[in-house]
Amino acid sequence: MRLIILGGPGSGKGTQLAVIQKPLGVVGISVGDILREAIANNTFLGTKAQPYFAKGELVPDDLMVQLIRLGLLQPHLEAGWILEGYPRTTVQAEELDFVLDDFNHCVDYAIYLEVSPAIMLERSLRRSRSDDTPEIIHRRINNFQAQIPPILEYYGSRGKLLPFDGTAAPSVISQQILSHVALRREV
Ligand code: AMP
């Protein structure tokens with residue numbers, strides 16, 4: 001099973017990733033966290049990504065596509081994965097499909113955690129990550145609002161979009177996701 005989790009800052013993507021990976025028997029991958037670690041360790045990727053990350057802007061697609069191409073080839077991911085924070089542009093969505101196509105794989109579902117910009121702001125301001133300054137948070141929310149419509153359209157038109165109310169309790173959302181994905185898996 002190969003899933004992606006879409007949602008704005010503070011929509012609960014990381015929380016759901018942590019909960020659903022085990023019951024689904026797949027590996028959770030947080031692209032934002034991979035970038036945070038790469039920046040902290042000053043890797044090639046980290047130094048390239050840092051100026052964009054620091055401003056709350058998207059890291060350029062060519063760099064992200066390379067990261068995904070290499071990242072998803074790892075043997076421990078053969079049984080499946082859940083990708084959080086990718087794709088964030090339609091180019092990234094298309095490239096993901098190209099990469100998977102080479103291995104006769106595909107994205108099974110795109111989980112979308114829907115919350116209003118006001119809730120994104122409130123939740124992001126409440127968490128204490130060092131890169132969550134008000135200015136960066138605002139930029140991330142604005143960018144998300146601008147970029148998400150064509151991505152929803154991309155997965156929606158392929159019958160892969162599973163939207164959930166991201167304001168429900170985290171445990172309720174996890175249950176909803178798991179039952180939808182498991183039900184559809186049996187069809
Ligand atoms: P996140 O932890 O998912 O909110 O991501 C933090 C930051 O990492 C974003 O503001 C971007 O600068 C960068 N980033 C994460 N995922 C992507 C992506 N798929 N494409 C471009 N930049 C990304």
# chains A, B, ... in the order shown; residues from 1 in each chain; ligands from 1
call {"tool": "closest_atom_pairs", "arguments": {"of": "chain A", "to": "ligand 1", "cutoff": "10 Å", "atoms": "only C-alpha atoms and all ligand atoms", "output": "Markdown table"}}
result
| residue | atom | partner | partner_atom_place_in_ligand_line | distance |
| --- | --- | --- | --- | --- |
| A:Leu6 | CA | ligand 1 | 3 (O) | 9.5 |
| A:Gly7 | CA | ligand 1 | 3 (O) | 9.0 |
| A:Gly8 | CA | ligand 1 | 4 (O) | 7.7 |
| A:Pro9 | CA | ligand 1 | 4 (O) | 5.6 |
| A:Gly10 | CA | ligand 1 | 4 (O) | 8.1 |
| A:Ser11 | CA | ligand 1 | 4 (O) | 9.8 |
| A:Lys13 | CA | ligand 1 | 3 (O) | 8.3 |
| A:Gly14 | CA | ligand 1 | 3 (O) | 8.3 |
| A:Ser30 | CA | ligand 1 | 3 (O) | 7.0 |
| A:Val31 | CA | ligand 1 | 16 (N) | 5.1 |
| A:Gly32 | CA | ligand 1 | 2 (O) | 3.6 |
| A:Asp33 | CA | ligand 1 | 2 (O) | 5.9 |
| A:Ile34 | CA | ligand 1 | 15 (C) | 8.4 |
| A:Leu35 | CA | ligand 1 | 8 (O) | 6.1 |
| A:Arg36 | CA | ligand 1 | 8 (O) | 7.3 |
| A:Ala49 | CA | ligand 1 | 12 (O) | 7.4 |
| A:Gln50 | CA | ligand 1 | 12 (O) | 8.0 |
| A:Pro51 | CA | ligand 1 | 12 (O) | 8.5 |
| A:Tyr52 | CA | ligand 1 | 12 (O) | 5.4 |
| A:Phe53 | CA | ligand 1 | 12 (O) | 3.5 |
| A:Ala54 | CA | ligand 1 | 12 (O) | 6.9 |
| A:Lys55 | CA | ligand 1 | 12 (O) | 7.1 |
| A:Gly56 | CA | ligand 1 | 10 (O) | 4.2 |
| A:Glu57 | CA | ligand 1 | 12 (O) | 4.7 |
| A:Leu58 | CA | ligand 1 | 22 (N) | 3.7 |
| A:Val59 | CA | ligand 1 | 22 (N) | 3.8 |
| A:Pro60 | CA | ligand 1 | 21 (C) | 6.0 |
| A:Asp61 | CA | ligand 1 | 20 (N) | 6.4 |
| A:Asp62 | CA | ligand 1 | 20 (N) | 9.4 |
| A:Leu63 | CA | ligand 1 | 21 (C) | 8.3 |
| A:Met64 | CA | ligand 1 | 20 (N) | 5.8 |
| A:Val65 | CA | ligand 1 | 19 (N) | 8.5 |
| A:Leu67 | CA | ligand 1 | 19 (N) | 9.6 |
| A:Ile68 | CA | ligand 1 | 19 (N) | 9.1 |
| A:Leu83 | CA | ligand 1 | 19 (N) | 9.6 |
| A:Glu84 | CA | ligand 1 | 3 (O) | 7.0 |
| A:Gly85 | CA | ligand 1 | 3 (O) | 4.5 |
| A:Tyr86 | CA | ligand 1 | 19 (N) | 4.0 |
| A:Pro87 | CA | ligand 1 | 19 (N) | 4.9 |
| A:Arg88 | CA | ligand 1 | 19 (N) | 4.7 |
| A:Thr89 | CA | ligand 1 | 20 (N) | 7.2 |
| A:Gln92 | CA | ligand 1 | 19 (N) | 7.2 |
| A:Ala93 | CA | ligand 1 | 19 (N) | 9.3 |
| A:Ser124 | CA | ligand 1 | 4 (O) | 9.6 |
| A:Arg129 | CA | ligand 1 | 2 (O) | 9.6 |
| A:Asp131 | CA | ligand 1 | 6 (C) | 8.1 |
| A:Asp132 | CA | ligand 1 | 4 (O) | 8.9 |
| A:Ile136 | CA | ligand 1 | 10 (O) | 7.8 |
| A:Ile137 | CA | ligand 1 | 10 (O) | 8.4 |
| A:Arg139 | CA | ligand 1 | 10 (O) | 8.4 |
| A:Arg140 | CA | ligand 1 | 10 (O) | 5.8 |
| A:Ile141 | CA | ligand 1 | 10 (O) | 9.2 |
| A:Asn143 | CA | ligand 1 | 10 (O) | 8.9 |
| A:Phe144 | CA | ligand 1 | 10 (O) | 9.2 |
call {"tool": "residues_around", "arguments": {"residues": "region 73-78 of chain A", "least_positions_apart": "3", "cutoff": "9 Å", "atoms": "only C-alpha atoms", "output": "PyMOL selection string"}}
result
chain A and resi 26-27+68-70+81
call {"tool": "select_by_dssp", "arguments": {"residues": "region 69-124 of chain A", "states": "strand (DSSP E or B)", "output": "ChimeraX atom specification"}}
result
/A:81-84,109-114
call {"tool": "closest_residue", "arguments": {"among": "A:Ile173, A:Leu45, A:Ala182, A:Leu96", "to": "Gly12 (chain A)", "atoms": "only C-alpha atoms"}}
result
A:Ile173
call {"tool": "closest_residue", "arguments": {"among": "A:Gly80, A:Asp165, A:Ile119, A:Arg127", "to": "Cys106 (chain A)", "atoms": "only C-alpha atoms"}}
result
A:Gly80
call {"tool": "closest_residue", "arguments": {"among": "A:Val107, A:Ile29, A:Gln16, A:Arg2", "to": "Val172 (chain A)", "atoms": "only C-alpha atoms"}}
result
A:Gln16
call {"tool": "closest_residue", "arguments": {"among": "A:Ala40, A:Leu152, A:Leu113, A:Ile20", "to": "Ser171 (chain A)", "atoms": "only C-alpha atoms"}}
result
A:Ile20
call {"tool": "closest_residue", "arguments": {"among": "A:His138, A:Arg123, A:His180, A:Lys22", "to": "Thr167 (chain A)", "atoms": "only C-alpha atoms"}}
result
A:Arg123
call {"tool": "closest_residue", "arguments": {"among": "A:Ser130, A:Gln145, A:Asn104, A:Ser179", "to": "Ala118 (chain A)", "atoms": "only C-alpha atoms"}}
result
A:Gln145
call {"tool": "atom_distance", "arguments": {"atom1": "CA of Glu114 (chain A)", "atom2": "CA of Phe164 (chain A)"}}
result
6.0 Å
call {"tool": "atom_distance", "arguments": {"atom1": "CA of Ile177 (chain A)", "atom2": "CA of Thr15 (chain A)"}}
result
12.5 Å
call {"tool": "atom_distance", "arguments": {"atom1": "CA of Gly28 (chain A)", "atom2": "CA of Glu135 (chain A)"}}
result
28.6 Å
call {"tool": "select_by_dssp", "arguments": {"residues": "chain A", "states": "alpha helix (DSSP H)", "output": "number ranges by chain"}}
result
A: 13-24, 31-40, 44-55, 61-71, 90-102, 117-126, 134-156, 170-186
